[in-house]
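Here is data.cif, consisting of mmCIF, C-alpha atoms:
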data_data
#
loop_
_atom_site.label_atom_id
_atom_site.label_comp_id
_atom_site.auth_asym_id
_atom_site.auth_seq_id
_atom_site.Cartn_x
_atom_site.Cartn_y
_atom_site.Cartn_z
CA MET A 1 80.96 140.59 137.39
CA THR A 2 79.02 137.76 139.06
CA THR A 3 79.39 134.27 137.60
CA THR A 4 78.26 132.19 140.54
CA ALA A 5 75.01 131.47 142.33
CA PRO A 6 74.08 129.39 145.37
CA GLU A 7 73.99 125.64 144.69
CA ASN A 8 70.20 125.51 145.15
CA THR A 9 69.53 128.40 142.77
CA PRO A 10 67.78 127.21 139.60
CA ALA A 11 69.52 128.02 136.34
CA THR A 12 66.53 130.13 135.32
CA ALA A 13 67.31 132.58 138.17
CA LEU A 14 70.04 134.00 135.94
CA ASP A 15 69.96 134.81 132.24
CA PRO A 16 71.87 131.75 130.99
CA ILE A 17 73.40 133.58 128.01
CA ALA A 18 74.59 136.38 130.27
CA ALA A 19 75.96 133.78 132.70
CA ALA A 20 77.86 132.09 129.83
CA ALA A 21 79.26 135.46 128.72
CA ALA A 22 80.40 136.27 132.25
CA ILE A 23 82.07 132.88 132.70
CA GLY A 24 83.71 133.21 129.29
CA ALA A 25 85.07 136.63 130.16
CA GLU A 26 86.44 135.27 133.43
CA LEU A 27 88.18 132.42 131.62
CA ALA A 28 89.47 134.42 128.65
CA ASP A 29 92.73 135.65 130.20
CA GLY A 30 93.97 132.10 130.72
CA VAL A 31 92.98 130.68 127.32
CA ALA A 32 96.34 131.30 125.61
CA ASP A 33 98.29 129.80 128.52
CA ARG A 34 96.06 126.70 128.55
CA ASP A 35 96.47 126.36 124.79
CA ARG A 36 100.23 126.25 125.31
CA SER A 37 100.11 123.88 128.30
CA GLY A 38 97.26 121.69 127.09
CA GLU A 39 95.66 121.78 130.54
CA LEU A 40 91.88 121.62 130.92
CA SER A 41 90.33 124.31 133.10
CA THR A 42 88.55 122.41 135.87
CA VAL A 43 87.69 125.84 137.31
CA ALA A 44 85.59 126.42 134.20
CA PHE A 45 83.46 123.39 134.97
CA ASP A 46 83.07 124.52 138.57
CA LEU A 47 81.80 127.86 137.30
CA LEU A 48 79.44 126.21 134.82
CA ARG A 49 78.07 123.95 137.52
CA THR A 50 77.64 126.71 140.10
CA ALA A 51 75.95 129.07 137.62
CA GLY A 52 73.46 126.35 136.76
CA LEU A 53 74.58 125.91 133.17
CA SER A 54 75.54 122.25 133.54
CA ARG A 55 71.91 121.53 134.48
CA ALA A 56 70.35 124.14 132.21
CA LEU A 57 68.73 121.55 129.91
CA VAL A 58 67.25 119.51 132.75
CA PRO A 59 63.46 120.04 133.15
CA ALA A 60 62.45 122.31 136.02
CA GLU A 61 60.63 119.52 137.85
CA PHE A 62 63.97 117.71 138.22
CA GLY A 63 65.83 120.78 139.45
CA GLY A 64 67.11 122.13 136.15
CA GLY A 65 66.88 125.32 134.16
CA ALA A 66 64.49 124.05 131.47
CA VAL A 67 66.22 125.89 128.63
CA THR A 68 65.39 124.85 125.08
CA HIS A 69 67.70 122.92 122.77
CA ALA A 70 68.37 126.11 120.78
CA GLU A 71 68.99 128.14 123.95
CA MET A 72 71.60 125.60 125.01
CA GLY A 73 73.18 126.13 121.60
CA GLU A 74 73.38 129.86 122.31
CA ILE A 75 75.05 129.16 125.66
CA LEU A 76 77.70 127.04 123.92
CA ARG A 77 78.11 129.60 121.16
CA GLU A 78 78.74 132.33 123.74
CA LEU A 79 81.31 130.18 125.54
CA GLY A 80 82.98 129.41 122.21
CA ARG A 81 83.56 133.11 121.60
CA HIS A 82 85.78 133.23 124.70
CA ASP A 83 87.20 129.76 125.37
CA PRO A 84 86.89 127.27 122.50
CA SER A 85 88.34 124.26 124.32
CA THR A 86 86.02 124.64 127.29
CA ALA A 87 83.02 125.22 125.00
CA VAL A 88 83.64 122.07 122.96
CA ALA A 89 84.30 119.97 126.07
CA PHE A 90 81.13 121.32 127.70
CA ALA A 91 79.18 120.47 124.54
CA MET A 92 80.01 116.82 125.19
CA HIS A 93 78.27 116.96 128.58
CA SER A 94 75.40 118.99 127.14
CA HIS A 95 74.67 116.62 124.27
CA LEU A 96 74.35 113.69 126.66
CA VAL A 97 71.81 115.63 128.72
CA ALA A 98 70.02 116.59 125.49
CA THR A 99 69.77 112.92 124.49
CA GLN A 100 68.11 112.14 127.81
CA LEU A 101 65.77 115.09 127.31
CA TRP A 102 64.75 113.61 123.93
CA ARG A 103 63.90 110.38 125.75
CA HIS A 104 61.89 112.30 128.36
CA LYS A 105 59.93 114.12 125.67
CA HIS A 106 59.13 110.79 124.06
CA GLY A 107 57.69 109.29 127.23
CA MET A 108 60.76 107.45 128.48
CA ASP A 109 62.14 107.67 132.00
CA ALA A 110 65.26 109.83 132.24
CA SER A 111 64.81 110.85 135.87
CA GLY A 112 67.93 109.07 137.11
CA ILE A 113 70.33 111.03 134.89
CA PHE A 114 68.38 114.27 135.39
CA GLN A 115 68.69 113.97 139.16
CA LYS A 116 72.43 113.29 138.95
CA VAL A 117 73.01 116.26 136.65
CA ALA A 118 70.84 118.54 138.78
CA ALA A 119 72.97 117.51 141.76
CA GLY A 120 76.14 118.56 139.94
CA ALA A 121 77.27 115.58 137.87
CA ILE A 122 79.33 116.28 134.76
CA LEU A 123 78.81 113.68 132.04
CA VAL A 124 81.62 112.60 129.73
CA SER A 125 81.04 110.96 126.36
CA THR A 126 83.22 108.38 124.61
CA GLY A 127 80.90 108.23 121.60
CA ALA A 128 83.40 109.37 119.00
CA SER A 129 85.57 106.32 119.63
CA ASP A 130 82.66 103.93 120.32
CA TRP A 131 80.35 104.63 117.38
CA VAL A 132 78.65 101.51 115.95
CA GLU A 133 81.19 98.74 116.46
CA SER A 134 82.56 99.93 119.83
CA ASN A 135 85.60 98.27 121.43
CA GLY A 136 86.72 96.69 124.66
CA ARG A 137 86.27 93.39 126.46
CA VAL A 138 83.18 92.29 128.43
CA VAL A 139 82.80 89.28 130.71
CA ARG A 140 79.43 88.33 132.20
CA VAL A 141 79.54 87.87 136.01
CA ASP A 142 76.95 87.59 138.76
CA GLY A 143 74.91 90.81 138.91
CA GLY A 144 76.58 92.51 135.98
CA TYR A 145 79.72 92.60 133.87
CA ARG A 146 83.48 93.01 134.14
CA VAL A 147 84.74 95.39 131.45
CA SER A 148 88.09 96.56 130.15
CA ALA A 149 88.77 99.13 127.43
CA ARG A 150 90.57 102.30 126.43
CA LYS A 151 88.32 105.13 125.22
CA MET A 152 89.69 108.21 123.51
CA PRO A 153 88.90 111.05 123.01
CA ALA A 154 86.84 111.72 126.13
CA SER A 155 86.58 115.50 126.27
CA GLY A 156 86.47 117.05 129.72
CA CYS A 157 87.22 113.74 131.43
CA GLU A 158 89.33 115.33 134.17
CA ALA A 159 86.26 117.31 135.28
CA GLY A 160 83.87 114.40 134.79
CA THR A 161 81.70 112.57 137.28
CA VAL A 162 80.15 109.88 135.08
CA VAL A 163 81.42 108.47 131.78
CA VAL A 164 78.73 107.42 129.30
CA THR A 165 80.24 104.73 127.13
CA SER A 166 79.78 101.43 125.33
CA LEU A 167 81.73 98.18 125.39
CA ARG A 168 81.97 95.38 122.87
CA TRP A 169 80.91 91.94 124.12
CA ASP A 170 82.27 89.55 121.51
CA ASP A 171 81.45 86.41 123.50
CA ALA A 172 77.76 87.18 124.08
CA PRO A 173 75.47 84.14 123.80
CA ASP A 174 73.65 85.50 120.76
CA GLY A 175 76.74 86.71 118.95
CA PRO A 176 78.74 89.94 119.31
CA GLN A 177 76.83 92.61 121.23
CA VAL A 178 77.48 96.16 122.45
CA LEU A 179 76.63 97.28 125.98
CA HIS A 180 75.71 100.93 126.58
CA CYS A 181 76.27 102.00 130.17
CA ALA A 182 77.18 104.78 132.58
CA ILE A 183 80.22 104.30 134.83
CA PRO A 184 81.19 106.66 137.67
CA PHE A 185 84.77 107.90 137.45
CA ALA A 186 85.12 106.96 141.12
CA SER A 187 84.64 103.25 140.28
CA PRO A 188 87.61 100.97 141.04
CA GLY A 189 89.59 100.32 137.88
CA VAL A 190 88.75 103.63 136.13
CA SER A 191 91.67 105.94 135.36
CA ILE A 192 92.71 108.66 132.91
CA ASP A 193 95.72 108.36 130.63
CA LYS A 194 96.74 111.89 129.56
CA THR A 195 97.21 111.22 125.85
CA TRP A 196 95.63 114.38 124.32
CA ASN A 197 98.39 116.27 122.45
CA THR A 198 96.90 117.83 119.36
CA LEU A 199 96.99 120.67 116.86
CA GLY A 200 93.86 122.37 118.21
CA LEU A 201 91.46 122.33 121.15
CA ARG A 202 94.52 121.51 123.20
CA ALA A 203 92.88 122.43 126.51
CA SER A 204 89.72 120.34 126.03
CA GLY A 205 91.12 117.54 128.18
CA SER A 206 90.15 114.92 125.61
CA HIS A 207 92.31 112.22 127.12
CA THR A 208 91.91 108.45 127.22
CA VAL A 209 89.63 106.91 129.84
CA VAL A 210 90.94 103.49 130.87
CA PHE A 211 88.73 100.72 132.25
CA GLU A 212 90.65 97.86 133.86
CA ASP A 213 88.37 95.02 134.98
CA VAL A 214 85.66 97.48 136.09
CA PHE A 215 82.45 96.03 137.50
CA VAL A 216 79.32 97.36 135.78
CA PRO A 217 76.10 96.29 137.52
CA ASP A 218 73.09 95.26 135.46
CA ALA A 219 71.25 98.42 136.61
CA ALA A 220 73.91 100.63 134.95
CA VAL A 221 73.37 99.06 131.51
CA SER A 222 70.84 101.05 129.48
CA LEU A 223 70.98 99.06 126.24
CA ILE A 224 72.39 95.84 124.80
CA ARG A 225 72.34 95.71 121.00
CA PRO A 226 73.84 93.69 118.16
CA ALA A 227 77.33 94.82 117.21
CA ASP A 228 78.04 96.11 113.69
CA VAL A 229 74.35 96.82 112.97
CA TRP A 230 73.13 100.41 112.77
CA PRO A 231 71.43 101.18 116.12
CA PRO A 232 68.53 103.67 116.01
CA ILE A 233 69.76 105.21 119.28
CA LEU A 234 72.52 106.89 117.26
CA ASN A 235 69.89 108.75 115.22
CA VAL A 236 68.79 110.31 118.50
CA VAL A 237 72.35 111.15 119.53
CA ILE A 238 73.06 112.77 116.15
CA GLY A 239 69.94 114.92 116.27
CA ALA A 240 70.56 115.97 119.87
CA ALA A 241 74.31 116.43 119.68
CA MET A 242 75.36 117.92 116.37
CA PRO A 243 73.48 121.24 116.66
CA LEU A 244 75.02 121.79 120.11
CA VAL A 245 78.55 120.78 119.14
CA MET A 246 78.54 122.95 116.04
CA SER A 247 77.23 125.90 118.08
CA ALA A 248 80.46 125.88 120.10
CA TYR A 249 82.46 126.10 116.86
CA LEU A 250 80.20 128.85 115.57
CA GLY A 251 81.24 130.91 118.60
CA ILE A 252 84.88 130.58 117.49
CA ALA A 253 83.96 131.88 114.04
CA ASP A 254 81.98 134.75 115.60
CA SER A 255 85.10 135.98 117.37
CA ALA A 256 87.22 135.66 114.23
CA VAL A 257 84.71 137.68 112.19
CA GLU A 258 84.45 140.36 114.85
CA LEU A 259 88.21 140.77 115.07
CA ALA A 260 88.84 140.73 111.32
CA THR A 261 86.03 143.17 110.61
CA SER A 262 87.18 145.65 113.24
CA LEU A 263 90.72 145.66 111.81
CA ALA A 264 89.55 145.88 108.19
CA ALA A 265 87.44 148.93 109.05
CA GLN A 266 90.65 150.75 110.04
CA ARG A 267 92.34 150.14 106.67
CA GLU A 268 91.78 151.55 103.22
CA ALA A 269 92.94 148.63 101.05
CA ALA A 270 90.23 148.05 98.43
CA HIS A 271 90.68 144.28 98.28
CA LEU A 272 89.66 143.92 101.93
CA VAL A 273 86.07 144.86 101.15
CA SER A 274 85.61 141.81 98.94
CA LEU A 275 87.36 139.55 101.43
CA VAL A 276 85.07 140.76 104.21
CA GLY A 277 82.07 140.04 101.99
CA GLU A 278 83.34 136.54 101.25
CA MET A 279 83.94 135.94 104.95
CA ALA A 280 80.40 137.10 105.69
CA ASN A 281 79.04 134.62 103.14
CA ALA A 282 80.84 131.71 104.78
CA HIS A 283 79.86 132.81 108.29
CA THR A 284 76.21 133.29 107.32
CA THR A 285 76.13 129.90 105.61
CA ALA A 286 77.43 128.17 108.73
CA ALA A 287 75.04 130.01 111.04
CA ASP A 288 72.04 129.29 108.81
CA LEU A 289 72.88 125.58 108.61
CA ILE A 290 73.19 125.32 112.38
CA ASP A 291 69.91 127.21 112.80
CA ALA A 292 68.33 124.69 110.41
CA MET A 293 69.64 121.82 112.55
CA PHE A 294 67.88 123.24 115.60
CA SER A 295 64.73 124.03 113.66
CA GLU A 296 64.36 120.51 112.27
CA SER A 297 65.24 118.95 115.62
CA ASP A 298 62.09 120.70 116.95
CA ASP A 299 63.35 121.26 120.49
CA LEU A 300 64.21 117.54 120.79
CA ARG A 301 60.83 116.33 119.60
CA PHE A 302 62.17 115.02 116.27
CA ALA A 303 61.36 111.50 115.13
CA ASN A 304 64.00 108.81 115.43
CA THR A 305 64.65 108.21 111.73
CA ASP A 306 67.66 107.58 109.53
CA ALA A 307 66.43 110.38 107.26
CA HIS A 308 66.58 112.97 110.04
CA ALA A 309 70.09 111.87 111.02
CA ALA A 310 71.22 112.01 107.39
CA ARG A 311 70.03 115.61 106.99
CA ILE A 312 71.66 116.69 110.26
CA LEU A 313 74.94 115.10 109.20
CA SER A 314 74.81 116.70 105.75
CA ARG A 315 74.39 120.10 107.35
CA LYS A 316 77.20 119.34 109.79
CA THR A 317 79.67 118.62 106.96
CA VAL A 318 78.82 121.78 105.01
CA ALA A 319 78.74 123.91 108.16
CA ALA A 320 82.20 122.64 109.20
CA ASP A 321 83.61 123.61 105.80
CA ALA A 322 82.00 127.06 106.04
CA LEU A 323 83.31 127.62 109.58
CA ILE A 324 86.86 126.75 108.55
CA GLN A 325 86.56 129.02 105.51
CA THR A 326 85.32 131.82 107.74
CA VAL A 327 88.35 131.72 110.01
CA ARG A 328 90.76 131.23 107.11
CA LEU A 329 89.41 134.37 105.46
CA ALA A 330 89.65 136.24 108.75
CA ILE A 331 93.39 135.45 108.81
CA GLU A 332 93.75 136.60 105.19
CA ILE A 333 92.00 139.87 106.06
CA VAL A 334 94.17 140.50 109.10
CA GLY A 335 97.35 139.59 107.22
CA GLY A 336 100.61 138.29 108.63
CA LEU A 337 99.62 139.18 112.19
CA GLY A 338 96.94 136.49 111.98
CA PHE A 339 99.69 133.90 111.52
CA SER A 340 101.40 134.87 114.77
CA ARG A 341 101.00 132.85 117.96
CA ASP A 342 100.84 136.17 119.80
CA TYR A 343 97.44 136.75 118.19
CA PRO A 344 94.29 134.66 118.87
CA LEU A 345 93.41 134.04 115.21
CA GLU A 346 96.16 131.46 114.93
CA MET A 347 94.64 129.46 117.81
CA TRP A 348 91.10 129.86 116.49
CA TYR A 349 92.19 128.53 113.11
CA ARG A 350 93.66 125.43 114.74
CA ASP A 351 90.64 124.99 117.01
CA ILE A 352 88.02 125.39 114.27
CA HIS A 353 89.43 122.35 112.47
CA GLY A 354 88.17 120.18 115.31
CA ALA A 355 84.74 120.44 113.68
CA LEU A 356 85.92 118.02 111.00
CA PHE A 357 86.37 115.11 113.38
CA HIS A 358 83.05 114.89 115.18
CA PRO A 359 80.81 112.13 113.83
CA LEU A 360 80.66 111.86 111.03
CA PRO A 361 83.79 112.96 109.14
CA ARG A 362 83.06 113.95 105.54
CA ALA A 363 83.84 110.65 103.79
CA LYS A 364 81.75 108.63 106.24
CA GLN A 365 78.94 111.18 106.17
CA LEU A 366 78.72 111.06 102.38
CA ARG A 367 78.42 107.27 102.48
CA PHE A 368 75.86 107.44 105.31
CA THR A 369 73.66 110.01 103.59
CA GLY A 370 74.00 108.34 100.22
CA HIS A 371 72.85 104.98 101.60
CA VAL A 372 69.87 106.56 103.36
CA LEU A 373 68.72 108.46 100.26
CA LEU A 374 68.99 105.25 98.24
CA GLY A 375 66.75 103.42 100.70
CA ASN A 376 69.48 101.36 102.35
CA THR A 377 70.48 101.14 105.99
CA PRO A 378 73.05 103.83 106.93
CA LEU A 379 75.82 101.25 106.93
CA GLY A 380 74.89 99.85 103.53
#
As structure tokens:
Amino acid sequence: MTTTAPENTPATALDPIAAAAAIGAELADGVADRDRSGELSTVAFDLLRTAGLSRALVPAEFGGGAVTHAEMGEILRELGRHDPSTAVAFAMHSHLVATQLWRHKHGMDASGIFQKVAAGAILVSTGASDWVESNGRVVRVDGGYRVSARKMPASGCEAGTVVVTSLRWDDAPDGPQVLHCAIPFASPGVSIDKTWNTLGLRASGSHTVVFEDVFVPDAAVSLIRPADVWPPILNVVIGAAMPLVMSAYLGIADSAVELATSLAAQREAAHLVSLVGEMANAHTTAADLIDAMFSESDDLRFANTDAHAARILSRKTVAADALIQTVRLAIEIVGGLGFSRDYPLEMWYRDIHGALFHPLPRAKQLRFTGHVLLGNTPLG
């Protein structure tokens, strides 16, 4: 089974879904061990890079595979069937590339990031901890800034090349500001504190990235915005990211449904038929909602509006509930064996709960969507 290609082979030279399936199959034997140890598979990212999947979203003219937004979702879904932690961590890289592709499709220059990704860079996001207010300390110096912060979770950071982050500048001349920037992991003062010790997605490597007096040149700063005010850039991130992230979780549910259905077909208990039907309802609901996210995002041509972000986030909340229900019902169908750590359903049930914590968690999403529908800013 071939999972690699020469470095100069475009991603389109291989069927990207088949490549994802092959990589997933190669990783599958070690998933349970990594779940126990909590160790990220850096080999997985080497395979993804070599097969062209890390650059799959990059336009062909920049050396990428030119897959669509929805096709990238299918790649992540396929990986999620085999290795949930790797799939979710890889979704963090993929959504950052997708955000740049949105900019490219709207006439903005994204060539710098595209070229880095095409050359093999793995991007790491700290967006879940940054969000609107961000954190950290920024000092203006000649030619740039000196920054310090702790950013967690940063999924896949041990395999990362560049961290895409933001820092709070409380002493800015015009009042508190937030700097958005990209910082190479090789920069002096950047380190990783291995703090990720969780219920699920244990092998996603979502540790803390530490910046200690790191120099960020002016050229690395992509945006400076007022702190604590809703920034439209996050509408873009939501529309680009959430369909991809939820696709990785959908892959987990796919595997749970396949396993539970195959076992139920071997039994004659009448109650299992209804449980399988209920599981199918939840699984179909989740899949349809994620399909709707991709459809409305229009292959990253969607308009940057609060209304679009609100609809994506509403679907994300309901899809997360349906995905969790799907795997819970799969365990009920399988019975006590599904509660055993010797069986993958137990891990999938822990992993699927990670869907709850991506922006925005339910309570914050309800407030966000409610404000938008009432004609307010998302933050009220």
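Going from atom CA of Ala89 of chain A over to atom CA of Cys157 of chain A, you cover 8.7 Å.
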Take the PyMOL selection byres ((chain A and resi 198) around 12), run it mentally on this structure, and tell me the resulting residues as an MDAnalysis selection string.
chainID A and resid 35:39 85 153 194:197 199:207 347 350:351 353:354
Would you save the residues of that selection, restricted to C-alpha atoms, as a short mmCIF file (atom, residue, chain, number, x, y, z; two decimals), in the coordinates of the input?
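Just written: again.cif:
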data_model
loop_
_atom_site.label_atom_id
_atom_site.label_comp_id
_atom_site.auth_asym_id
_atom_site.auth_seq_id
_atom_site.Cartn_x
_atom_site.Cartn_y
_atom_site.Cartn_z
CA ASP A 35 96.47 126.36 124.79
CA ARG A 36 100.23 126.25 125.31
CA SER A 37 100.11 123.88 128.30
CA GLY A 38 97.26 121.69 127.09
CA GLU A 39 95.66 121.78 130.54
CA SER A 85 88.34 124.26 124.32
CA PRO A 153 88.90 111.05 123.01
CA LYS A 194 96.74 111.89 129.56
CA THR A 195 97.21 111.22 125.85
CA TRP A 196 95.63 114.38 124.32
CA ASN A 197 98.39 116.27 122.45
CA LEU A 199 96.99 120.67 116.86
CA GLY A 200 93.86 122.37 118.21
CA LEU A 201 91.46 122.33 121.15
CA ARG A 202 94.52 121.51 123.20
CA ALA A 203 92.88 122.43 126.51
CA SER A 204 89.72 120.34 126.03
CA GLY A 205 91.12 117.54 128.18
CA SER A 206 90.15 114.92 125.61
CA HIS A 207 92.31 112.22 127.12
CA MET A 347 94.64 129.46 117.81
CA ARG A 350 93.66 125.43 114.74
CA ASP A 351 90.64 124.99 117.01
CA HIS A 353 89.43 122.35 112.47
CA GLY A 354 88.17 120.18 115.31
#
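Closest approach to Ser187 of chain A among A:Arg315, A:His371, A:Arg146, A:His106 is made by A:Arg146 (distances from only C-alpha atoms).
One finds atom CA of Ile75 of chain A at 11.9 Å from atom CA of Tyr249 of chain A.
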Interatomic distance, atom CA of Ala310 of chain A to atom CA of Gly127 of chain A (Å, one decimal)
17.6 Å
Evaluated on this file, the PyMOL selection byres ((chain A and resi 304) around 6) picks out some residues - which ones are they, written as a ChimeraX atom specification?
/A:235-236,303,305
Can you give me, as a ChimeraX atom specification, the residues this file yields under the PyMOL selection byres ((chain A and resi 179) around 12)?
/A:130-140,144-147,164-170,172,176-178,180-183,216-227,231
Taking all atoms listed in the file into account, produce a table as a Markdown table in which each residue of segment 87-130 of chain A with an atom at most 8 Å from an atom of segment 56-60 of chain A appears once, together with its shortest atom pair and the distance in Å to one decimal, ordered by chain and rising number.
| residue | atom | partner | partner_atom | distance |
| --- | --- | --- | --- | --- |
| A:Ser94 | CA | A:Leu57 | CA | 7.7 |
| A:Val97 | CA | A:Leu57 | CA | 6.8 |
| A:Ala98 | CA | A:Leu57 | CA | 6.8 |
| A:Leu101 | CA | A:Val58 | CA | 7.2 |
| A:Phe114 | CA | A:Val58 | CA | 6.0 |
| A:Val117 | CA | A:Val58 | CA | 7.7 |
| A:Ala118 | CA | A:Val58 | CA | 7.1 |
Serialized selection, C-alpha atoms, as an mmCIF file, in the frame of the given file:
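Result saved to part.cif:
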data_model
loop_
_atom_site.group_PDB
_atom_site.id
_atom_site.type_symbol
_atom_site.label_atom_id
_atom_site.label_comp_id
_atom_site.auth_asym_id
_atom_site.auth_seq_id
_atom_site.Cartn_x
_atom_site.Cartn_y
_atom_site.Cartn_z
ATOM 1 C CA SER A 94 75.400 118.990 127.140
ATOM 2 C CA VAL A 97 71.810 115.630 128.720
ATOM 3 C CA ALA A 98 70.020 116.590 125.490
ATOM 4 C CA LEU A 101 65.770 115.090 127.310
ATOM 5 C CA PHE A 114 68.380 114.270 135.390
ATOM 6 C CA VAL A 117 73.010 116.260 136.650
ATOM 7 C CA ALA A 118 70.840 118.540 138.780
#
Can you sort out the box for segment 70-76 of chain A, edges along x, y and z, all listed atoms in, 8 Å on every side, with centre and edge lengths in Å to one decimal, as lines of an AutoDock Vina configuration file?
center_x = 73.0
center_y = 127.7
center_z = 123.2
size_x = 25.3
size_y = 20.3
size_z = 20.9
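Residues within 9 Å of Arg49 of chain A, counting only C-alpha atoms and excluding same-chain residues fewer than 4 positions away, are Thr4, Glu7, Ala44, Phe45, Leu53, Ser54, Arg55, Gly120, Ala121 and Ile122 of chain A.
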May I ask which of the residues A:Ala309, A:Ala253, A:Leu263, A:Ala51 is the closest one to Ile324 of chain A, counting only C-alpha atoms?
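Answer, going by the shortest atom-to-atom distance: A:Ala253.
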Find the spatial neighbours of Ile352 of chain A, counting only C-alpha atoms, within a cut-off of 10 Å - ignore same-chain residues fewer than 4 positions away - and output them as a VMD selection string.
chain A and resid 84 200 to 201 246 248 to 253 320 to 321 323 to 328 347 to 348 356
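Among the candidates A:Ile238, A:Val229, A:Val273, A:Ala128, the one nearest to Phe302 of chain A when counting all atoms listed in the file is A:Ile238.
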Considering all atoms listed in the file, can you say which of A:Ala260, A:Leu300, A:Thr284, A:Leu27 comes closest to Leu272 of chain A?
A:Ala260
Choose the residue, out of A:Gly380, A:Pro361, A:Gly24, A:Gly189, that has the smallest atom-to-atom separation from Glu78 of chain A; count all atoms listed in the file.
A:Gly24
Give the answer as one residue: which of A:Asp306, A:Asp213, A:Glu296, A:Asp46 has the shortest atom-to-atom distance to Thr86 of chain A, using only C-alpha atoms?
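Ranking A:Asp306, A:Asp213, A:Glu296, A:Asp46 by distance to Thr86 of chain A, first place goes to A:Asp46.
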